[in-house]
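Trainee: Just dropping this structure here.
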Amino acid sequence: MSDSESVPPAGSGPGAALPAPARQIASGYAFTGPALDLGALLWDGRCHQDAPVRVPLSVLNRHGLVAGATGTGKTKTLQLIAEQLSARGVPVFLADVKGDLSGIARPGTADDRVRERSAEVGQEWRPAGFPAEFYALGGLGHGIPVRATVTSFGPVLLAKALRLNQTQEQSLGLVFHYADTRGLELIDIKDLRAVVAFLASDEGRPELRTVGGLSGATAGVILRALTAFEAQGMADFFGEPEFDTADLLRTAPDGRGVVSVLELAAVQDRPLLFSTFLMWLLADLFHDLPEIGDPERPRLVFFFDEAHLLFQDASRAFLESVTRTVRLIRSKGVGVFFVTQTPKDVPGDVLAQLGNRVQHALRAFTPDDDKALRATVRTFPRSGYDLAELLTGLGTGEAVVTVLGEGGAPTPVAAVRLRAPESLMGPLDAVVLDEAVRGSALHARYAQAVDRESAYEKLSARPPRAAPAPAPAPARGRRKAPEEEPSLVEQVVESGAFKSLARSVGRQLGREITRSLFGTARRRR
């Protein structure tokens, strides 16, 4: 190596003693504004702590991808990023599939591995806990219950959770439309089942004809899917009080962002359900948040774990809705990071919008693994690394990184040894976790399920249709006058759009139901 390659010119900067190619990479991460520290540059087998790799705070609403094989350190990367976001006043949402992210609320412990890693990357490691709220879908697990009403969840997301095909999904949308226009509130699964059962019954068959395109056979398929859904214990995730996603946007009294941890370990065996629930949270945020353009820091960063489950067997309408949500929610200040094993798990139209990439190691034990490896390499910009070799040789807590710079252009690809999280790297004790949940100000609001009058009760109280009295046959050429149909104005006034009770207090309020993207209902709060 010549002196010209290893010694920088006067006015040295980051990574000054590095070889020229590595120095060029390091200079791509020398940002002037606030940034998160990911770790130190790896080059030619060495870790250079004087060449930090960072990501600007201002580009985290441009979304990202954290990928890698099982056991390569993805969870610790999420924890590392979440800690620094919280410290800078940015709320964070973490989907905790394995149940080991609750430790973010408590200071970590300095063992030999932490001391070694912090010394390697030049990190001044200090134990720290961060403000956190713990949630659980339907209260299944350690956390404040998170529920959604069926009408808010919408037909597109519910159709995916029910594994309906595209035709059945469209038919379910017609059922939702019928319920909306008839003032039949769909709060929980039994409400939807009651509406579908009514439409499939002899009494409801005339109503079925008013729902264009919905056949009795399709109604029967949907009804059986709902019955099976309830039998599998899924009904507890739907109901009231419905979770208000504005609670994900809070900051602590000291100005740090609250980290919202949704425990999913108890529902790992129902991946389709929890992945669609995560998408509902995003869609609800999209509906409610105003446009703010490109802020200096994001309003919320949302980590979507096990992202491949969201896209498996998804309909075209579903994929288009995901793509639009990801594209448009950026201007509302929300950054979305998908977490999965390889970039090929994410559709190309979505992947193209993920500006920040942290790729942990991949394995190439099978032909399919090798194909995934080569596909991953092609998603990165050209670099001075042999990425195929590098990605299979990375250690735990190491990754290949490229992010958007402050001007919006991608940074050079960098191999990085990542910093150690400062909070507890592991789950909290169950007793401690339960105490934190009960001590939350949100516990009283969401803990107790409420079952108020809605579609099921209204249809159950409906008097049976009386048998028609014998009547003389109408004269030839004349038809019996049909019962007078309510006018359009009467239908609107009597619909669920204007007649709904407040979610938590049971008062009569006006309500506007508009459906967008996933068919989710937009609420006035």
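Just so we're on the same page: first chain in the structure tokens is A, next is B, and so on; residues restart at 1 for each chain, and ligands are numbered from 1 in the order they show up.
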From a backbone DSSP assignment, name each residue in range 261-411 of chain A labelled alpha helix (DSSP H), as a PyMOL selection string.

Mentor: chain A and resi 271-288+308-311+316-329+348-351+367-378+387-393

Trainee: From the options A:Pro19, A:Gly335, A:Pro241, A:Pro298, which residue's atoms come nearest to Arg445 in chain A, counting only C-alpha atoms?

Mentor: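 Counting only C-alpha atoms, the residue closest to Arg445 in chain A is A:Pro241.
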
Trainee: Identify, on the basis of only C-alpha atoms, every residue whose closest approach to Ala307 in chain A does not exceed 8 Å; exclude the query and any residue fewer than 6 positions from it along the same chain; express the result as an MDAnalysis selection string.

Mentor: chainID A and resid 275 338:340 345:346

Trainee: Give me a file of those residues, with C-alpha atoms, as a PDB file, in the first residue's frame.

Mentor:
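Saved result, again.pdb, follows:
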ATOM      1  CA  SER A 275     -49.509  -9.261  10.251  1.00  0.00           C
ATOM      2  CA  PHE A 338     -39.875  -3.876   7.318  1.00  0.00           C
ATOM      3  CA  VAL A 339     -38.035  -6.670   9.114  1.00  0.00           C
ATOM      4  CA  THR A 340     -37.608  -9.992   7.338  1.00  0.00           C
ATOM      5  CA  ASP A 345     -39.692 -11.243   0.762  1.00  0.00           C
ATOM      6  CA  VAL A 346     -40.896  -7.713  -0.034  1.00  0.00           C
TER       7      VAL A 346
END

Trainee: Report as a list in words all protein, DNA and RNA residues lying within 8 Å of Glu120 in chain A, evaluated on only C-alpha atoms, omitting residues in the same chain fewer than 6 positions from it.

Mentor: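 Returned residues: Cys47, His48 and Gln49 of chain A.
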
Trainee: So that I have them on file, write out the residues from the current selection with all heavy atoms, as a short mmCIF file (atom, residue, chain, number, x, y, z; two decimals), in the first residue's frame.

Mentor:
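Once everything was written out, this is out_22.cif:
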data_model
loop_
_atom_site.label_atom_id
_atom_site.label_comp_id
_atom_site.auth_asym_id
_atom_site.auth_seq_id
_atom_site.Cartn_x
_atom_site.Cartn_y
_atom_site.Cartn_z
N CYS A 47 -12.02 -3.57 12.00
CA CYS A 47 -13.04 -2.63 12.42
C CYS A 47 -12.37 -1.29 12.71
O CYS A 47 -11.44 -1.22 13.54
CB CYS A 47 -13.76 -3.15 13.66
SG CYS A 47 -15.05 -2.06 14.28
N HIS A 48 -12.83 -0.23 12.05
CA HIS A 48 -12.21 1.08 12.17
C HIS A 48 -13.13 2.00 12.96
O HIS A 48 -14.06 2.60 12.41
CB HIS A 48 -11.93 1.66 10.78
CG HIS A 48 -10.97 0.83 9.98
ND1 HIS A 48 -9.61 1.01 10.03
CD2 HIS A 48 -11.18 -0.21 9.13
CE1 HIS A 48 -9.01 0.13 9.23
NE2 HIS A 48 -9.95 -0.62 8.68
N GLN A 49 -12.85 2.13 14.24
CA GLN A 49 -13.74 2.92 15.11
C GLN A 49 -13.70 4.40 14.81
O GLN A 49 -14.60 5.15 15.22
CB GLN A 49 -13.41 2.68 16.58
CG GLN A 49 -12.00 3.05 17.00
CD GLN A 49 -11.82 2.87 18.49
OE1 GLN A 49 -11.76 3.84 19.24
NE2 GLN A 49 -11.75 1.63 18.92
#

Trainee: Determine the nearest neighbour of Ala132 in chain A from the options A:Phe380, A:Trp43, A:Phe93, A:Phe243, counting only C-alpha atoms.

Mentor: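 Ranked by minimum distance to Ala132 in chain A, first place goes to A:Phe93.
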
Trainee: Quick one: of A:Arg113, A:Pro145, A:Ala375, A:Ile292, who's nearest to Arg438 in chain A, counting only C-alpha atoms?

Mentor: A:Pro145

Trainee: Excluding Leu174 in chain A and residues on its chain fewer than 3 positions from it, collect all residues at most 9 Å away from it, counting only C-alpha atoms, and give them as a PyMOL selection string.

Mentor: chain A and resi 155+169-171+177-179+211-214

Trainee: Can you write just those residues out, N, CA and C atoms, as a PDB file, in the first residue's frame?

Mentor:
ATOM      1  N   PRO A 155     -62.948  -4.652   5.109  1.00  0.00           N
ATOM      2  CA  PRO A 155     -63.090  -5.927   4.418  1.00  0.00           C
ATOM      3  C   PRO A 155     -61.814  -6.470   3.784  1.00  0.00           C
ATOM      4  N   GLU A 169     -63.432 -11.749  -1.290  1.00  0.00           N
ATOM      5  CA  GLU A 169     -63.036 -10.466  -0.691  1.00  0.00           C
ATOM      6  C   GLU A 169     -63.952  -9.349  -1.177  1.00  0.00           C
ATOM      7  N   GLN A 170     -64.229  -9.330  -2.475  1.00  0.00           N
ATOM      8  CA  GLN A 170     -65.118  -8.303  -3.018  1.00  0.00           C
ATOM      9  C   GLN A 170     -66.531  -8.450  -2.457  1.00  0.00           C
ATOM     10  N   SER A 171     -66.964  -9.690  -2.291  1.00  0.00           N
ATOM     11  CA  SER A 171     -68.290  -9.925  -1.724  1.00  0.00           C
ATOM     12  C   SER A 171     -68.361  -9.477  -0.272  1.00  0.00           C
ATOM     13  N   HIS A 177     -70.625  -2.802   3.075  1.00  0.00           N
ATOM     14  CA  HIS A 177     -71.395  -1.672   2.545  1.00  0.00           C
ATOM     15  C   HIS A 177     -72.857  -1.773   2.982  1.00  0.00           C
ATOM     16  N   TYR A 178     -73.422  -2.983   2.915  1.00  0.00           N
ATOM     17  CA  TYR A 178     -74.810  -3.174   3.349  1.00  0.00           C
ATOM     18  C   TYR A 178     -74.964  -2.792   4.825  1.00  0.00           C
ATOM     19  N   ALA A 179     -74.038  -3.263   5.663  1.00  0.00           N
ATOM     20  CA  ALA A 179     -74.120  -2.953   7.097  1.00  0.00           C
ATOM     21  C   ALA A 179     -73.999  -1.448   7.340  1.00  0.00           C
ATOM     22  N   VAL A 211     -77.913  -6.301  -2.507  1.00  0.00           N
ATOM     23  CA  VAL A 211     -76.446  -6.221  -2.422  1.00  0.00           C
ATOM     24  C   VAL A 211     -75.900  -6.808  -3.718  1.00  0.00           C
ATOM     25  N   GLY A 212     -75.724  -5.970  -4.704  1.00  0.00           N
ATOM     26  CA  GLY A 212     -75.377  -6.459  -6.033  1.00  0.00           C
ATOM     27  C   GLY A 212     -74.123  -7.306  -6.047  1.00  0.00           C
ATOM     28  N   GLY A 213     -74.197  -8.448  -6.714  1.00  0.00           N
ATOM     29  CA  GLY A 213     -73.025  -9.285  -6.898  1.00  0.00           C
ATOM     30  C   GLY A 213     -72.734 -10.254  -5.779  1.00  0.00           C
ATOM     31  N   LEU A 214     -73.544 -10.290  -4.718  1.00  0.00           N
ATOM     32  CA  LEU A 214     -73.308 -11.207  -3.613  1.00  0.00           C
ATOM     33  C   LEU A 214     -74.278 -12.386  -3.729  1.00  0.00           C
TER      34      LEU A 214
END

Trainee: So that I can check the secondary structure, give me every residue of range 8-167 of chain A assigned strand (DSSP E or B) by backbone DSSP, as a count of residues only.

Mentor: 40

Trainee: Name the residues in contact with Phe237 in chain A at a cut-off of 8 Å, using only C-alpha atoms, excluding same-chain residues fewer than 5 positions from it; report them as an MDAnalysis selection string.

Mentor: chainID A and resid 137:139 146:148

Trainee: Find the residues near Ala22 in chain A: any atom within 9 Å, counting only C-alpha atoms, skip ones fewer than 4 places away on the same chain, and give them as a PDB file with N, CA and C atoms, in the first residue's frame.

Mentor:
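So the final result, stored in selection.pdb, reads:
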ATOM      1  N   GLY A  15     -12.176   8.684   9.310  1.00  0.00           N
ATOM      2  CA  GLY A  15     -11.474   7.582   8.685  1.00  0.00           C
ATOM      3  C   GLY A  15     -10.208   8.027   7.968  1.00  0.00           C
ATOM      4  N   LEU A  18      -7.568   5.482   6.816  1.00  0.00           N
ATOM      5  CA  LEU A  18      -8.054   4.346   6.056  1.00  0.00           C
ATOM      6  C   LEU A  18      -7.452   4.311   4.662  1.00  0.00           C
ATOM      7  N   ALA A  26     -16.307   6.045   4.162  1.00  0.00           N
ATOM      8  CA  ALA A  26     -16.488   6.725   5.447  1.00  0.00           C
ATOM      9  C   ALA A  26     -16.953   8.161   5.249  1.00  0.00           C
ATOM     10  N   SER A  27     -16.439   8.830   4.216  1.00  0.00           N
ATOM     11  CA  SER A  27     -16.825  10.225   3.986  1.00  0.00           C
ATOM     12  C   SER A  27     -18.302  10.334   3.617  1.00  0.00           C
ATOM     13  N   LEU A  41     -17.069   1.181  10.629  1.00  0.00           N
ATOM     14  CA  LEU A  41     -16.808   0.586   9.320  1.00  0.00           C
ATOM     15  C   LEU A  41     -15.901  -0.642   9.426  1.00  0.00           C
ATOM     16  N   LEU A  42     -16.272  -1.673   8.688  1.00  0.00           N
ATOM     17  CA  LEU A  42     -15.422  -2.853   8.513  1.00  0.00           C
ATOM     18  C   LEU A  42     -14.780  -2.783   7.131  1.00  0.00           C
ATOM     19  N   TRP A  43     -13.462  -2.949   7.110  1.00  0.00           N
ATOM     20  CA  TRP A  43     -12.767  -2.957   5.809  1.00  0.00           C
ATOM     21  C   TRP A  43     -11.564  -3.882   5.905  1.00  0.00           C
ATOM     22  N   ALA A  51     -14.151   5.524  11.908  1.00  0.00           N
ATOM     23  CA  ALA A  51     -14.987   5.690  10.717  1.00  0.00           C
ATOM     24  C   ALA A  51     -16.419   5.272  11.061  1.00  0.00           C
ATOM     25  N   GLY A 384     -17.246  -1.438  -3.480  1.00  0.00           N
ATOM     26  CA  GLY A 384     -15.910  -2.020  -3.496  1.00  0.00           C
ATOM     27  C   GLY A 384     -15.826  -3.366  -2.804  1.00  0.00           C
ATOM     28  N   ALA A 414     -21.630   0.063   2.957  1.00  0.00           N
ATOM     29  CA  ALA A 414     -20.627  -0.061   4.015  1.00  0.00           C
ATOM     30  C   ALA A 414     -20.878  -1.324   4.825  1.00  0.00           C
TER      31      ALA A 414
END

Trainee: Kindly give the distance, in Å, that separates CA of Gly122 in chain A and CA of Asp50 in chain A, rounded to a single decimal.

Mentor: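 Rounded to one decimal, the two atoms are 7.5 Å apart.
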
Trainee: Go through A:Ala200, A:Ala235, A:Leu362, A:Leu264 and flag the residue nearest Thr149 in chain A, using only C-alpha atoms for the distances.

Mentor: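 Checking each of A:Ala200, A:Ala235, A:Leu362, A:Leu264 against Thr149 in chain A, counting only C-alpha atoms, the winner is A:Ala235.
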
Trainee: Take CA of Pro295 in chain A and CA of Phe318 in chain A and report the distance between them in Å, one decimal.

Mentor: 28.7 Å

Trainee: Of the residues A:Gly143, A:Pro427, A:Gly204, A:Gly173, which is the one nearest to Leu157 in chain A, using only C-alpha atoms?

Mentor: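 The shortest atom-to-atom distance to Leu157 in chain A comes from A:Gly173.
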